[in-house]
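Participant: Pasting in a structure now, in structure tokens, and then I'll have a few things to ask.
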Amino acid sequence: MPAQLSLTGFAWKNLWRRRLRTLLTLCGIGMAIGAFVALVGFSRSFETEWLRLYSSSGTDIAVVDKNFMNSSVDQGVVAKVRGVSIVEQAEPMIFNIMDLTPEVNAIVFGWLDDTYEFNSLTFTSGSRFRNGKPEVIIGDTLARNLNKKVGDSLVMQGSTFSVAGIFHGGTALEAGAVILPLDQMQLLSSMQGKVSGVHVRLRPIPAGETQEHYFKRAQAAIEAVVPGLNAQLATDRASNNQFVDLAHAVAWGTSAIALIVGILGIANTMAMSVFERTREIGILRAIGWKSWLVMLLIETEATGLGFAGGIIGIGAGWAGLRLLSVLPKTNIFVSTSLTPLHLLQAVAISVLSGIIAGAYPAWRGAHLSPVEALRHD
Amino acid sequence: MTDAQTHPQLEVRSLRKSYDDGRIEALRGVDLSIGAGDYVAISGASGSGKSTLLHLLGGLDVPTSGQVFFKGQTLAASDLDDYRARQIGFIFQAFYLLPTLSAIENVQVPMLALGLHAQNRAQRAEALLVELGLAHRLNQYPNELSAGERQRVAIARSLANDPSILMADEPTGNLDSVNSARIIEILTGIQKKRGMTLIIVTHENDIANAAPRHIRIRDGRIEP
């Protein structure tokens with residue numbers, strides 16, 4: 001069987017001809033896509049962890065004021081929320097992020113010792129803390145990071161607590177968290193009489209009523225007894241809180257800059273390639289190649305670079321995510337799971353980058369005069 | 001009678017081509033007609049305009065004024081790609097093979113423009129190279145071929161889309177006398193066997209005088 005030549009085979013041979021340049025370009029776009037995969041993966045996993053945090057504890061609604069970061073609600077609203085007939089349980093909580101050591105920070109929760117939110121935790125050693133006592137329980141990831149076991153002391157904001165238990169949480173956020181009695185957390189945060197919010201678990205959905213309708217009815221009923229506060233669905237709160245928004249913004253912003261650099265790299269490679277191959281393009285035009293076919297060849301090369309860079313980038317991004325998941329500074333926020341949609345997005349973005357980067361060189365190559373191109377040295 | 005029977009295959013009227021905003025006149029009013037199956041040699045000194053005339057006849061360039069007719073139809077700028085792909089086979093002095101492709105792949109390149117099936121492309125390319133005595137060189141790259149072999153690959157490439165006209169611009173300019181004779185023998189053989197029109201631009205008198213019709217160009221005009 002004689003060797004067959006296809007357009008993609010032709011494009012591949014052109015790229016292979018300048019191996020070092022092709023490799024360097026692939027590294028450039030690969031790093032850009034790797035940054036996208038790692039950073040956006042990080043921010044998405046952060047969002048997913050928030051969602052799992054709520055869903056694993058069975059929280060349906062969070063009652064907060066309008067500011068997530070510094071939500072401060074009078075503790076007296078707890079009784080009002082508990083009085084709403086549709087509410088099964090309502091638990092006050094305080095949430096904060098604190099530096100435990102210069103290298104390790106953690107999400108710190110203040111809970112009552114009988115809250116339903118303990119249901120999502122599995123103790124690997126020790127047991128719950130007791131209200132009014134300077135005790136904490138810590139997630140297993142954090143325990144490893146701090147090298148703590150039950151009975152050890154933990155100093156937070158100048159106060160010393162005893163580690164009462166170590167638990168395995170359902171999420172990375174829980175696994176890296178510290179939980180202490182609500183009253184102790186109020187002292188630590190100077191929030192006496194205040195809480196960050198109230199987590200609400202609703203009664204089972206009545207037969208014949210949709211979940212969407214039921215939740216809306218519950219939100220309205222709760223907001224009616226606590227004017228000025230928001231009864232947010234847990235899923236909305238996970239997706240739309242300022243931490244997640246910030247993480248998304250940083251991830252996309254940084255990725256966009258990296259992608260622009262990657263696109264410029266491909267564009268430079270293709271522009272150089274078109275310039276060097278001016279005479280060859282003239283030959284193609286002389287033997288009857290239409291402009292669009294020349295453009296297609298150049299775009300195929302650029303898209304091939306984008307695609308291959310995307311595959312390299314996914315590998316690099318996954319490695320970056322793995323690194324973030326073991327670093328003490330970040331392992332409490334991140335899991336290494338990459339969704340198929342995320343990977344597909346990475347490949348689509350890299351291919352699109354190739355198409356964009358190849359557009360001008362392709363147009364330039366396609367519109368060369370055959371005679372002028374043949375005369376080119 | 002059809003247009004093809006009543007009109008010459010190629011005809012040019014009052015053809016002019018100038019460069020550099022008219023400061024350089026390469027062709028100064030050329031009238032010429034070439035019939036289907038003719039073998040024509042165009043000769044002239046360097047800069048006389050012979051290659052320019054070939055480029056205009058082959059649709060590689062457009063005239064400043066005047067017209068080029070193919071089978072009685074004016075060649076419009078928008079039709080030139082298709083005209084070159086289907087009707088013209090070009091052979092150049094410097095061969096212009098693509099260095100990244102093997103001999104058989106080079107011959108398939110023009111066929112990509114017409115969207116022929118991949119297997120048909122490869123089989124046709126192989127058949128052309130075998131016909132030109134290169135059966136043992138199918139998978140060699142241009143830098144692995146001798147000058148004569150490269151020109152034979154270029155001839156095979158020019159025949160890839162079964163054109164009706166073969167245009168050779170100084171096809172022996174880079175060859176020794178033995179290979180020159182061989183290439184001219186091949187080209188004339190193809191012209192006879194296939195009934196194609198063959199137009200050779202050359203500055204070698206032996207080659208030009210051997211053609212049944214010899215057109216001399218001087219200072220952008222055909223000598224009477």
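For the structure tokens, the naming scheme is as follows: chains receive sequential letters (A, B, ...) according to their order of presentation, residues are indexed from 1 within each chain, and ligands are indexed from 1 in presentation order.
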What are the residues of chain A lining chain B at 10 Å or less? Count only C-alpha atoms, and put the answer as a PyMOL selection string.

Facilitator: chain A and resi 1-7+9-17+277+279-291+293-294+369-372+374

Participant: Which neighbours of region 125-141 of chain A fall inside 7 Å, counting only C-alpha atoms, when residues of the same chain fewer than 3 positions from it are skipped, and could you give them as an MDAnalysis selection string?

Facilitator: chainID A and resid 112:113 144:145 150 161:169 174:181 183:184

Participant: From a DSSP pass on the backbone, collect the residues of region 75-169 of chain B flagged as strand (DSSP E or B) and hand them back as a PyMOL selection string.

Facilitator: chain B and resi 88-92+165-169

Participant: Leu233 (chain A): which residues within 9 Å, counting only C-alpha atoms, same-chain residues fewer than 5 positions away excluded, as a PyMOL selection string?

Facilitator: chain A and resi 59-63+215-216+219+238

Participant: Dump N, CA and C atoms for the selected residues as a PDB file, in the first residue's frame?

Facilitator:
ATOM      1  N   THR A  59     -27.868  20.309  56.139  1.00  0.00           N
ATOM      2  CA  THR A  59     -28.382  21.678  56.241  1.00  0.00           C
ATOM      3  C   THR A  59     -29.089  22.066  54.944  1.00  0.00           C
ATOM      4  N   ASP A  60     -30.316  22.577  55.085  1.00  0.00           N
ATOM      5  CA  ASP A  60     -31.080  22.995  53.906  1.00  0.00           C
ATOM      6  C   ASP A  60     -30.981  24.503  53.681  1.00  0.00           C
ATOM      7  N   ILE A  61     -30.988  25.253  54.779  1.00  0.00           N
ATOM      8  CA  ILE A  61     -31.022  26.717  54.668  1.00  0.00           C
ATOM      9  C   ILE A  61     -30.069  27.309  55.702  1.00  0.00           C
ATOM     10  N   ALA A  62     -29.410  28.402  55.306  1.00  0.00           N
ATOM     11  CA  ALA A  62     -28.573  29.141  56.251  1.00  0.00           C
ATOM     12  C   ALA A  62     -29.183  30.527  56.432  1.00  0.00           C
ATOM     13  N   VAL A  63     -29.384  30.899  57.707  1.00  0.00           N
ATOM     14  CA  VAL A  63     -29.931  32.236  57.988  1.00  0.00           C
ATOM     15  C   VAL A  63     -28.755  33.133  58.348  1.00  0.00           C
ATOM     16  N   PHE A 215     -38.914  24.706  49.455  1.00  0.00           N
ATOM     17  CA  PHE A 215     -37.807  25.538  49.940  1.00  0.00           C
ATOM     18  C   PHE A 215     -38.155  27.031  49.874  1.00  0.00           C
ATOM     19  N   LYS A 216     -38.846  27.408  48.820  1.00  0.00           N
ATOM     20  CA  LYS A 216     -39.239  28.828  48.710  1.00  0.00           C
ATOM     21  C   LYS A 216     -40.201  29.194  49.840  1.00  0.00           C
ATOM     22  N   GLN A 219     -38.169  29.512  52.986  1.00  0.00           N
ATOM     23  CA  GLN A 219     -37.409  30.774  53.026  1.00  0.00           C
ATOM     24  C   GLN A 219     -38.311  31.931  53.437  1.00  0.00           C
ATOM     25  N   ALA A 238     -23.360  27.993  49.019  1.00  0.00           N
ATOM     26  CA  ALA A 238     -22.091  27.343  48.667  1.00  0.00           C
ATOM     27  C   ALA A 238     -21.531  27.919  47.379  1.00  0.00           C
TER      28      ALA A 238
END

Participant: Between CA of Val108 (chain A) and CA of Gln192 (chain A), what is the spacing in Å?

Facilitator: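 Separation of CA of Gln192 (chain A) and CA of Val108 (chain A): 16.3 Å.
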
Participant: Find, counting only C-alpha atoms, the residue in A:Val195, A:Leu187, A:Leu100, A:Gly315 that gets nearest to Ser71 (chain A).

Facilitator: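 Using only C-alpha atoms, the shortest distance to Ser71 (chain A) belongs to A:Val195.
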
Participant: Could you pull the residues within 8 Å of Ile34 (chain B), counting only C-alpha atoms, minus those fewer than 5 positions along the same chain, as a list in words?

Facilitator: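 My list of contacting residues is Pro8, Gln9, Leu10, Glu11 and Val40 of chain B.
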
Participant: Would you mind exporting the chosen residues as an mmCIF file, in the first residue's frame, restricted to N, CA and C atoms?

Facilitator:
data_model
loop_
_atom_site.group_PDB
_atom_site.id
_atom_site.type_symbol
_atom_site.label_atom_id
_atom_site.label_comp_id
_atom_site.auth_asym_id
_atom_site.auth_seq_id
_atom_site.Cartn_x
_atom_site.Cartn_y
_atom_site.Cartn_z
ATOM 1 N N PRO B 8 -8.898 28.660 -29.856
ATOM 2 C CA PRO B 8 -7.627 28.074 -29.412
ATOM 3 C C PRO B 8 -7.709 27.762 -27.916
ATOM 4 N N GLN B 9 -6.853 26.830 -27.498
ATOM 5 C CA GLN B 9 -6.912 26.477 -26.077
ATOM 6 C C GLN B 9 -6.512 27.655 -25.193
ATOM 7 N N LEU B 10 -5.448 28.344 -25.607
ATOM 8 C CA LEU B 10 -4.998 29.523 -24.867
ATOM 9 C C LEU B 10 -4.830 30.677 -25.842
ATOM 10 N N GLU B 11 -5.262 31.834 -25.417
ATOM 11 C CA GLU B 11 -5.119 33.000 -26.278
ATOM 12 C C GLU B 11 -4.895 34.225 -25.408
ATOM 13 N N VAL B 40 5.080 24.225 -27.576
ATOM 14 C CA VAL B 40 5.586 25.569 -27.852
ATOM 15 C C VAL B 40 6.781 25.855 -26.943
#

Participant: As a list in words, please: the residues near Leu23 (chain A) (cut-off 12 Å, only C-alpha atoms, same-chain neighbours under 4 positions excluded).

Facilitator: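 Listing them by chain and then by number gives Leu15, Trp16, Arg17, Arg18, Arg19, Cys27, Gly28, Ile29, Gly30, Gly265, Ile266, Thr269, Leu305, Gly306, Ala308, Gly309 and Ile312 of chain A.
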
Participant: Emit the selected residues as a CSV table (one decimal), in the first residue's frame, including N, CA and C atoms.

Facilitator:
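Saved result, out_5.csv, follows:
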chain,number,residue,atom,x,y,z
A,15,LEU,N,5.0,20.5,11.5
A,15,LEU,CA,5.3,20.8,12.9
A,15,LEU,C,6.6,20.0,13.4
A,16,TRP,N,6.7,18.8,12.9
A,16,TRP,CA,7.8,17.9,13.3
A,16,TRP,C,9.1,18.4,12.7
A,17,ARG,N,9.0,19.2,11.6
A,17,ARG,CA,10.2,19.7,11.0
A,17,ARG,C,11.0,20.6,11.9
A,18,ARG,N,10.3,21.4,12.7
A,18,ARG,CA,11.0,22.3,13.7
A,18,ARG,C,10.6,21.8,15.1
A,19,ARG,N,11.3,20.7,15.4
A,19,ARG,CA,10.9,20.0,16.7
A,19,ARG,C,11.1,20.9,17.9
A,27,CYS,N,5.2,23.6,25.4
A,27,CYS,CA,5.5,23.9,26.8
A,27,CYS,C,4.7,25.2,27.2
A,28,GLY,N,4.8,26.2,26.3
A,28,GLY,CA,4.1,27.4,26.7
A,28,GLY,C,2.6,27.3,26.8
A,29,ILE,N,2.0,26.7,25.8
A,29,ILE,CA,0.5,26.5,25.9
A,29,ILE,C,0.2,25.5,27.0
A,30,GLY,N,1.1,24.5,27.1
A,30,GLY,CA,0.8,23.5,28.2
A,30,GLY,C,0.8,24.1,29.6
A,265,GLY,N,2.3,32.8,22.2
A,265,GLY,CA,3.4,31.8,21.8
A,265,GLY,C,3.1,31.1,20.6
A,266,ILE,N,1.8,30.6,20.5
A,266,ILE,CA,1.5,29.9,19.3
A,266,ILE,C,1.4,30.8,18.0
A,269,THR,N,4.9,31.4,16.9
A,269,THR,CA,5.4,30.2,16.2
A,269,THR,C,4.8,30.1,14.8
A,305,LEU,N,-1.2,22.2,17.7
A,305,LEU,CA,-0.4,22.7,18.8
A,305,LEU,C,-1.2,23.0,20.0
A,306,GLY,N,-2.4,23.6,19.8
A,306,GLY,CA,-3.3,23.9,20.9
A,306,GLY,C,-3.8,22.6,21.6
A,308,ALA,N,-2.5,19.5,21.5
A,308,ALA,CA,-1.4,18.8,22.2
A,308,ALA,C,-1.0,19.5,23.5
A,309,GLY,N,-0.9,20.9,23.4
A,309,GLY,CA,-0.6,21.7,24.5
A,309,GLY,C,-1.7,21.5,25.6
A,312,ILE,N,-1.0,18.2,27.4
A,312,ILE,CA,0.2,18.4,28.3
A,312,ILE,C,-0.3,19.2,29.5

Participant: My list of candidates is A:Ile314, A:Ala366, A:Ala247, A:Ile298. Which is closest to Ser43 (chain A) when distances are computed with only C-alpha atoms?

Facilitator: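 Result for the nearest residue to Ser43 (chain A): A:Ala247.
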
Participant: Return as a count of residues only the full set of residues in region 95-301 of chain A whose backbone-based DSSP assignment is helix (DSSP H, G or I).

Facilitator: 100
